[in-house]
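Source file: work06.csv. Holds: CSV, C-alpha atoms.
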```
chain,number,residue,atom,x,y,z
A,145,MET,CA,69.7,71.1,136.1
A,146,ALA,CA,72.7,70.9,138.5
A,147,ARG,CA,72.5,72.9,141.7
A,148,TYR,CA,73.4,76.5,140.8
A,149,GLY,CA,74.6,77.3,144.3
A,150,ALA,CA,75.3,80.9,145.4
A,151,GLN,CA,75.2,83.8,143.0
A,152,PHE,CA,77.6,85.8,145.3
A,153,GLY,CA,80.2,84.4,147.7
A,154,PRO,CA,80.8,80.7,148.7
A,155,ASP,CA,78.1,78.1,148.3
A,156,ILE,CA,77.1,77.9,151.9
A,157,THR,CA,73.7,76.8,153.2
A,158,PHE,CA,71.6,78.3,155.9
A,159,LEU,CA,73.5,77.5,159.1
A,160,GLY,CA,74.7,74.2,157.6
A,161,VAL,CA,71.5,72.5,156.6
A,162,GLU,CA,71.6,70.0,153.7
A,163,ARG,CA,71.9,71.1,150.1
A,164,CYS,CA,69.3,70.4,147.4
A,165,ASP,CA,68.5,71.4,143.9
A,166,TRP,CA,65.1,73.1,143.5
A,167,ALA,CA,64.8,71.8,139.9
A,168,ASP,CA,65.2,68.1,141.1
A,169,PRO,CA,62.5,67.3,143.7
A,170,SER,CA,64.3,64.0,144.4
A,171,THR,CA,67.0,66.0,146.2
A,172,PHE,CA,64.6,67.3,148.8
A,173,SER,CA,62.1,64.4,149.0
A,174,GLY,CA,60.1,64.7,152.2
A,175,ALA,CA,61.3,68.2,153.0
A,176,ASP,CA,59.1,70.4,155.2
A,177,VAL,CA,60.9,73.6,154.3
A,178,VAL,CA,63.2,74.5,151.4
A,179,ILE,CA,65.2,77.7,151.6
A,180,LEU,CA,65.8,79.5,148.4
A,181,GLY,CA,68.0,82.6,147.7
A,182,ALA,CA,66.7,85.4,145.5
A,183,PRO,CA,69.7,87.8,145.1
A,184,PHE,CA,67.8,90.5,143.1
A,185,ASP,CA,67.9,94.2,143.7
A,186,GLY,CA,67.0,95.5,140.2
A,187,GLY,CA,63.7,96.9,141.6
A,188,THR,CA,65.3,99.1,144.2
A,189,SER,CA,64.3,102.8,144.2
A,190,HIS,CA,66.9,104.2,146.6
A,191,ARG,CA,69.9,102.3,148.0
A,192,ALA,CA,70.9,99.1,146.4
A,193,GLY,CA,72.8,96.1,147.8
A,194,THR,CA,70.1,93.6,148.7
A,195,ARG,CA,71.5,91.2,146.1
A,196,PHE,CA,74.0,90.3,148.8
A,197,GLY,CA,71.2,89.6,151.4
A,198,PRO,CA,70.9,85.9,150.9
A,199,GLN,CA,74.5,85.3,151.6
A,200,TYR,CA,74.5,87.3,154.8
A,201,ILE,CA,71.2,85.9,156.1
A,202,ARG,CA,72.6,82.4,155.7
A,203,GLN,CA,75.9,83.0,157.3
A,204,THR,CA,75.5,85.7,160.1
A,205,CYS,CA,75.5,83.8,163.3
A,206,TYR,CA,78.1,83.4,166.1
A,207,LEU,CA,77.3,79.7,166.6
A,208,PRO,CA,78.6,76.8,164.6
A,209,HIS,CA,77.0,76.1,161.2
A,210,ASP,CA,76.0,72.6,162.2
A,211,GLY,CA,72.4,72.4,161.0
A,212,SER,CA,71.0,72.6,164.6
A,213,ARG,CA,69.4,75.5,166.6
A,214,PRO,CA,67.5,74.5,169.7
A,215,SER,CA,65.1,77.3,170.7
A,216,LEU,CA,65.3,78.2,174.4
A,217,ALA,CA,61.8,79.6,174.3
A,218,MET,CA,60.0,77.0,172.2
A,219,ARG,CA,61.9,73.9,173.3
A,220,VAL,CA,62.2,72.6,169.8
A,221,ASP,CA,65.0,72.6,167.2
A,222,GLY,CA,63.6,74.2,164.0
A,223,LEU,CA,66.5,72.8,161.9
A,224,GLN,CA,66.3,69.3,163.3
A,225,ASP,CA,62.6,68.8,164.1
A,226,LEU,CA,61.7,69.9,160.6
A,227,SER,CA,63.3,68.6,157.5
A,228,VAL,CA,65.0,71.7,156.1
A,229,PHE,CA,67.0,72.0,152.9
A,230,ASP,CA,68.7,74.9,151.2
A,231,ALA,CA,68.4,75.0,147.4
A,232,GLY,CA,71.0,77.8,146.9
A,233,ASP,CA,70.2,80.8,144.8
A,234,VAL,CA,68.0,81.2,141.8
A,235,GLU,CA,70.2,82.8,139.1
A,236,LEU,CA,68.6,86.3,138.8
A,237,PHE,CA,69.9,89.2,136.7
A,238,SER,CA,69.1,92.5,138.3
A,239,GLY,CA,69.2,94.1,134.9
A,240,ASP,CA,66.3,92.1,133.6
A,241,ALA,CA,63.4,92.3,136.1
A,242,GLU,CA,60.8,90.6,133.9
A,243,ARG,CA,63.0,87.6,133.4
A,244,SER,CA,64.0,87.4,137.0
A,245,VAL,CA,60.5,87.4,138.4
A,246,ARG,CA,59.4,84.8,135.9
A,247,ASP,CA,62.4,82.5,136.8
A,248,LEU,CA,61.8,83.0,140.5
A,249,GLN,CA,58.2,82.1,140.4
A,250,GLU,CA,59.1,78.9,138.5
A,251,ALA,CA,61.4,77.9,141.3
A,252,VAL,CA,59.0,78.8,144.1
A,253,TYR,CA,56.2,76.8,142.4
A,254,ALA,CA,58.5,73.8,141.9
A,255,ILE,CA,59.1,73.7,145.7
A,256,ALA,CA,55.5,74.5,146.8
A,257,SER,CA,54.1,71.8,144.4
A,258,THR,CA,56.0,69.1,146.4
A,259,GLY,CA,54.2,70.2,149.6
A,260,ALA,CA,57.3,71.8,151.1
A,261,VAL,CA,57.2,75.4,152.4
A,262,PRO,CA,59.3,77.7,150.3
A,263,LEU,CA,61.3,80.2,152.4
A,264,ILE,CA,62.9,82.8,150.2
A,265,LEU,CA,65.8,85.0,151.2
A,266,GLY,CA,65.9,88.3,149.4
A,267,GLY,CA,66.7,90.5,147.6
A,268,ASP,CA,64.5,93.5,147.4
A,269,HIS,CA,60.8,93.4,147.9
A,270,THR,CA,60.1,92.9,144.2
A,271,ILE,CA,60.5,89.2,144.8
A,272,ALA,CA,57.3,89.1,146.9
A,273,TRP,CA,55.3,89.1,143.7
A,274,PRO,CA,56.8,85.8,142.3
A,275,ASP,CA,57.2,84.3,145.8
A,276,ALA,CA,53.5,84.6,146.8
A,277,ALA,CA,52.3,84.0,143.2
A,278,GLY,CA,54.3,80.7,143.1
A,279,VAL,CA,52.6,79.5,146.2
A,280,ALA,CA,49.2,80.6,145.0
A,281,GLN,CA,49.9,78.8,141.7
A,282,HIS,CA,50.0,75.6,143.7
A,283,VAL,CA,47.4,76.2,146.5
A,284,GLY,CA,44.9,78.1,144.3
A,285,GLN,CA,44.4,81.7,143.2
A,286,GLY,CA,42.9,83.7,146.0
A,287,GLN,CA,43.3,80.9,148.6
A,288,VAL,CA,46.4,82.3,150.2
A,289,SER,CA,46.3,85.3,152.5
A,290,MET,CA,49.2,87.7,153.0
A,291,ILE,CA,50.6,88.9,156.3
A,292,HIS,CA,53.1,91.7,155.3
A,293,PHE,CA,55.5,93.4,157.7
A,294,ASP,CA,56.8,96.6,156.2
A,295,ALA,CA,57.3,100.3,156.7
A,296,HIS,CA,55.9,100.8,153.2
A,297,ALA,CA,52.7,99.5,151.6
A,298,ASP,CA,54.4,98.5,148.3
A,299,THR,CA,51.2,99.1,146.4
A,300,GLY,CA,52.6,101.6,143.9
A,301,ASN,CA,51.6,101.3,140.2
A,302,ILE,CA,54.3,102.6,137.9
A,303,GLU,CA,57.7,103.7,139.3
A,304,PHE,CA,60.5,104.9,137.0
A,305,GLY,CA,58.4,103.8,134.0
A,306,SER,CA,58.2,100.2,135.2
A,307,LEU,CA,55.4,98.0,136.5
A,308,ILE,CA,58.0,95.8,138.3
A,309,GLY,CA,59.8,97.1,141.4
A,310,HIS,CA,60.1,96.9,145.1
A,311,GLY,CA,57.4,99.5,145.6
A,312,GLN,CA,54.8,97.6,143.6
A,313,PRO,CA,54.7,93.8,144.3
A,314,MET,CA,51.6,93.9,146.4
A,315,ARG,CA,49.6,95.7,143.7
A,316,ARG,CA,50.8,93.2,141.1
A,317,LEU,CA,49.7,90.3,143.4
A,318,ILE,CA,46.2,91.7,143.8
A,319,GLU,CA,45.7,92.8,140.2
A,320,SER,CA,46.9,89.4,138.9
A,321,GLY,CA,44.3,87.6,141.1
A,322,ALA,CA,47.0,85.5,142.9
A,323,LEU,CA,46.0,87.1,146.2
A,324,ARG,CA,42.9,88.8,147.4
A,325,GLY,CA,42.9,92.4,148.6
A,326,ASP,CA,40.4,91.6,151.4
A,327,ARG,CA,42.8,89.0,152.8
A,328,PHE,CA,45.8,91.3,152.7
A,329,LEU,CA,47.1,92.3,156.1
A,330,GLN,CA,49.9,94.9,156.4
A,331,LEU,CA,51.7,95.8,159.7
A,332,GLY,CA,54.1,98.5,160.5
A,333,LEU,CA,53.4,101.1,157.9
A,334,ARG,CA,54.5,104.6,158.6
A,335,GLY,CA,56.1,107.7,157.2
A,336,TYR,CA,55.2,109.7,154.1
A,337,TRP,CA,54.5,107.2,151.3
A,338,PRO,CA,52.3,106.2,149.5
A,339,PRO,CA,50.3,109.2,148.3
A,340,PRO,CA,46.5,109.6,148.8
A,341,GLU,CA,45.6,108.2,145.4
A,342,THR,CA,47.4,104.9,146.2
A,343,LEU,CA,45.8,104.7,149.6
A,344,SER,CA,42.4,105.1,147.9
A,345,TRP,CA,43.3,102.2,145.6
A,346,MET,CA,44.2,100.1,148.7
A,347,ALA,CA,40.9,101.0,150.3
A,348,ASP,CA,39.0,99.9,147.2
A,349,GLN,CA,40.7,96.5,147.4
A,350,LYS,CA,39.6,96.2,151.0
A,351,MET,CA,43.1,95.8,152.3
A,352,ARG,CA,43.7,96.1,156.0
A,353,SER,CA,46.8,98.1,156.8
A,354,TYR,CA,47.9,98.7,160.4
A,355,GLU,CA,50.0,102.0,160.5
A,356,MET,CA,52.4,102.4,163.5
A,357,THR,CA,50.2,104.9,165.2
A,358,GLU,CA,47.3,102.4,165.4
A,359,ILE,CA,49.7,99.7,166.5
A,360,GLY,CA,51.0,102.0,169.2
A,361,ALA,CA,47.5,102.9,170.4
A,362,ARG,CA,46.0,99.4,170.4
A,363,GLY,CA,49.1,97.3,170.9
A,364,LEU,CA,50.8,94.9,168.5
A,365,THR,CA,49.2,91.8,170.2
A,366,GLU,CA,45.7,93.1,169.6
A,367,CYS,CA,46.3,94.0,166.0
A,368,LEU,CA,47.9,90.6,165.3
A,369,THR,CA,44.9,88.8,166.8
A,370,GLU,CA,42.5,90.8,164.6
A,371,ALA,CA,44.7,90.2,161.6
A,372,PHE,CA,44.8,86.5,162.2
A,373,GLY,CA,41.0,86.3,162.1
A,374,ILE,CA,40.8,88.0,158.8
A,375,ALA,CA,43.7,86.1,157.3
A,376,MET,CA,42.2,82.7,158.0
A,377,ASP,CA,38.7,83.5,156.8
A,378,ASP,CA,38.1,81.5,153.6
A,379,CYS,CA,41.8,80.9,153.0
A,380,ASP,CA,43.9,77.8,153.3
A,381,GLY,CA,46.9,79.5,154.9
A,382,VAL,CA,49.1,82.5,154.9
A,383,PHE,CA,52.2,83.8,153.1
A,384,LEU,CA,54.4,85.8,155.4
A,385,SER,CA,56.5,88.5,153.9
A,386,VAL,CA,58.9,90.3,156.2
A,387,ASP,CA,60.6,93.5,155.0
A,388,ILE,CA,63.3,94.1,157.5
A,389,ASP,CA,62.6,97.9,157.3
A,390,VAL,CA,59.5,97.3,159.4
A,391,CYS,CA,61.9,97.6,162.3
A,392,ASP,CA,63.2,101.0,163.4
A,393,PRO,CA,66.5,101.8,161.6
A,394,GLY,CA,68.2,101.7,165.1
A,395,HIS,CA,67.4,97.9,165.0
A,396,ALA,CA,67.9,97.4,161.2
A,397,PRO,CA,70.1,100.0,159.6
A,398,GLY,CA,71.2,97.9,156.7
A,399,THR,CA,68.3,98.4,154.4
A,400,GLY,CA,67.6,100.5,151.3
A,401,THR,CA,64.7,102.8,152.4
A,402,PRO,CA,65.0,103.2,156.2
A,403,GLU,CA,62.0,104.9,157.9
A,404,PRO,CA,62.3,106.0,161.6
A,405,GLY,CA,59.7,104.9,164.1
A,406,GLY,CA,59.3,101.2,163.4
A,407,LEU,CA,59.0,98.0,165.5
A,408,THR,CA,61.7,96.9,167.7
A,409,ALA,CA,63.6,93.7,166.9
A,410,ARG,CA,62.0,92.0,169.9
A,411,GLU,CA,58.5,92.9,168.6
A,412,LEU,CA,59.2,91.5,165.2
A,413,LEU,CA,60.7,88.3,166.4
A,414,ASP,CA,57.8,87.7,168.8
A,415,ALA,CA,55.3,88.4,166.1
A,416,VAL,CA,56.9,86.1,163.5
A,417,ARG,CA,57.2,83.3,166.1
A,418,ARG,CA,53.5,83.7,167.0
A,419,ILE,CA,52.4,83.7,163.3
A,420,ALA,CA,54.4,80.5,162.6
A,421,TYR,CA,53.0,78.8,165.7
A,422,GLU,CA,49.4,79.8,165.4
A,423,LEU,CA,48.8,79.8,161.6
A,424,PRO,CA,49.5,77.5,158.7
A,425,VAL,CA,52.4,79.2,156.9
A,426,LEU,CA,52.4,78.1,153.2
A,427,GLY,CA,55.3,80.3,152.2
A,428,MET,CA,57.6,83.1,153.5
A,429,ASP,CA,60.2,85.6,152.4
A,430,VAL,CA,62.6,87.9,154.3
A,431,VAL,CA,63.7,90.9,152.2
A,432,GLU,CA,65.5,94.2,152.0
A,433,VAL,CA,68.6,93.3,153.9
A,434,SER,CA,71.3,95.4,152.3
A,435,PRO,CA,74.7,94.4,153.8
A,436,PRO,CA,76.7,97.4,152.3
A,437,TYR,CA,74.6,99.7,154.5
A,438,ASP,CA,74.7,97.5,157.6
A,439,HIS,CA,76.7,98.2,160.7
A,440,ALA,CA,78.3,95.4,162.7
A,441,GLU,CA,75.9,93.0,160.8
A,442,ILE,CA,73.0,94.2,163.0
A,443,THR,CA,70.5,93.8,160.3
A,444,SER,CA,71.8,90.4,159.0
A,445,PHE,CA,71.7,89.0,162.6
A,446,LEU,CA,68.1,90.1,162.9
A,447,ALA,CA,67.1,88.6,159.6
A,448,ASN,CA,68.8,85.3,160.4
A,449,ARG,CA,66.8,85.2,163.6
A,450,VAL,CA,63.6,86.0,161.8
A,451,VAL,CA,64.1,82.9,159.8
A,452,LEU,CA,64.9,80.8,162.9
A,453,GLU,CA,61.9,82.1,164.8
A,454,ALA,CA,59.6,81.1,161.9
A,455,LEU,CA,61.2,77.7,161.7
A,456,SER,CA,60.9,77.2,165.5
A,457,GLY,CA,57.3,78.3,165.5
A,458,MET,CA,56.5,75.8,162.7
A,459,ALA,CA,58.3,73.0,164.5
A,460,ARG,CA,56.5,73.7,167.8
A,461,ARG,CA,53.1,73.9,166.0
A,462,ARG,CA,53.8,70.4,164.6
A,463,LYS,CA,54.9,69.0,168.0
A,464,ASP,CA,51.9,70.3,169.8
A,465,ALA,CA,49.6,68.9,167.1
A,466,ALA,CA,51.2,65.5,167.4
A,467,ASP,CA,51.4,65.5,171.3
A,468,GLY,CA,48.2,67.3,172.1
A,469,THR,CA,50.2,69.9,174.0
A,470,THR,CA,50.1,73.7,174.0
A,471,TRP,CA,53.2,75.9,174.1
A,472,ASP,CA,53.1,78.4,177.0
A,473,PRO,CA,55.3,81.5,176.5
A,474,ARG,CA,55.1,82.2,180.2
A,475,GLN,CA,56.8,78.9,181.2
A,476,PRO,CA,60.1,79.6,183.1
A,477,LEU,CA,63.2,78.5,181.1
A,478,LEU,CA,64.2,75.7,183.5
A,479,ASP,CA,60.7,74.5,184.5
A,480,GLY,CA,60.4,70.8,183.9
A,481,ARG,CA,64.0,70.3,182.6
```

Represent the structure from my file as structure tokens, please.
Amino acid sequence: MARYGAQFGPDITFLGVERCDWADPSTFSGADVVILGAPFDGGTSHRAGTRFGPQYIRQTCYLPHDGSRPSLAMRVDGLQDLSVFDAGDVELFSGDAERSVRDLQEAVYAIASTGAVPLILGGDHTIAWPDAAGVAQHVGQGQVSMIHFDAHADTGNIEFGSLIGHGQPMRRLIESGALRGDRFLQLGLRGYWPPPETLSWMADQKMRSYEMTEIGARGLTECLTEAFGIAMDDCDGVFLSVDIDVCDPGHAPGTGTPEPGGLTARELLDAVRRIAYELPVLGMDVVEVSPPYDHAEITSFLANRVVLEALSGMARRRKDAADGTTWDPRQPLLDGR
């Protein structure tokens, strides 16, 4: 097929990286990462608008869209030191959730099967089901762990009479066998959902969910270290799913189901950077950016930087593996320059 491009707005790529067509592997031969848009919000239970998320995550930056972003902290350029392509959007009809998740999994698998890391821009969190399942389809059922940042567990069963929705993808992943419950790590949960019966189901699956009170008491660093040990036990790598509402609404107002009391933007960026640097990331998505509810593009800016921190971490991980070096986050900015 010919490249579909963008479902909404102009056919731009993420900060100017090269275009490709996910259905034609020859267009991204040798790619390390392929970015894919999933403009679907048919699973939204409250405020819609995340279908416009991919467009805004790609474009929201005050610097030139020149395909280069040197990281001050990590001293690498995630867009240059890795081979990064943008495959545009998968054509997803928000009025047909079953067809959309099927088509998205096909696209994610097509990318993963070449050895590239699929990095999907959502869209609501419904897409995590086909995203992670597409990676597991290539790597192996139960061989990919999940690190999931979110205010909500997304382990509901039937919502509004449907098995498919943004409150249910994690249950679908576990029930399908694509991912294992005992290698499912959630960080940032808080508020007043899900109900006790859903929490009991999660406990039966041996999920590990870090609610914000525990994170506050123990510290995010300690919780992440513990989660990493679980994630890499008997798994080949991790799928990283970032729901932007894991951050406090003061840091990410443009989202469909905001819940006060979340992580700061700084905590999320540091955590994503650390995951991408310390762990083998096999796939990733960034979801629930809803531009119609954003203010001054605060949320879109944050989501754009979440992607860049992940790419920078991957690039530095590769550099250190090749050079025998170790990145030191305490190194002064100008030291050795």

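If all atoms listed in the file are the atoms counted, then among A:Ala150, A:Leu248, A:Ala231, A:Met428 the closest residue to Leu263 of chain A is A:Met428.
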
Task: Nearest to Thr258 of chain A by atom-to-atom distance, counting only C-alpha atoms, from A:Gly174, A:Pro183, A:Gly406, A:Gly360 - done: A:Gly174

Task: Atomic distance atom CA of Tyr148 of chain A - atom CA of Leu180 of chain A, expressed in Å with one decimal - done: 11.2 Å

Task: Nearby residues (only C-alpha atoms) at most 8 Å from segment 269-285 of chain A, same-chain spacing under 6 positions excluded, as a PyMOL selection string - done: chain A and resi 182+184-185+187+245-246+248-253+256-257+308-314+316-317+321-323+380+383+385+387+426-429+431-432

Open item on the list: Env of Pro435 of chain A: 10 Å cut, atoms = all atoms listed in the file, seq-sep filter 5 positions within chain, self excluded. Answer as an NGL selection string.
Closed with: :A and (192-201 or 397-400 or 440-444)

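Closest approach to Pro339 of chain A among A:Gly153, A:Gly300, A:Gly259, A:Gly363: A:Gly300, based on all atoms listed in the file.
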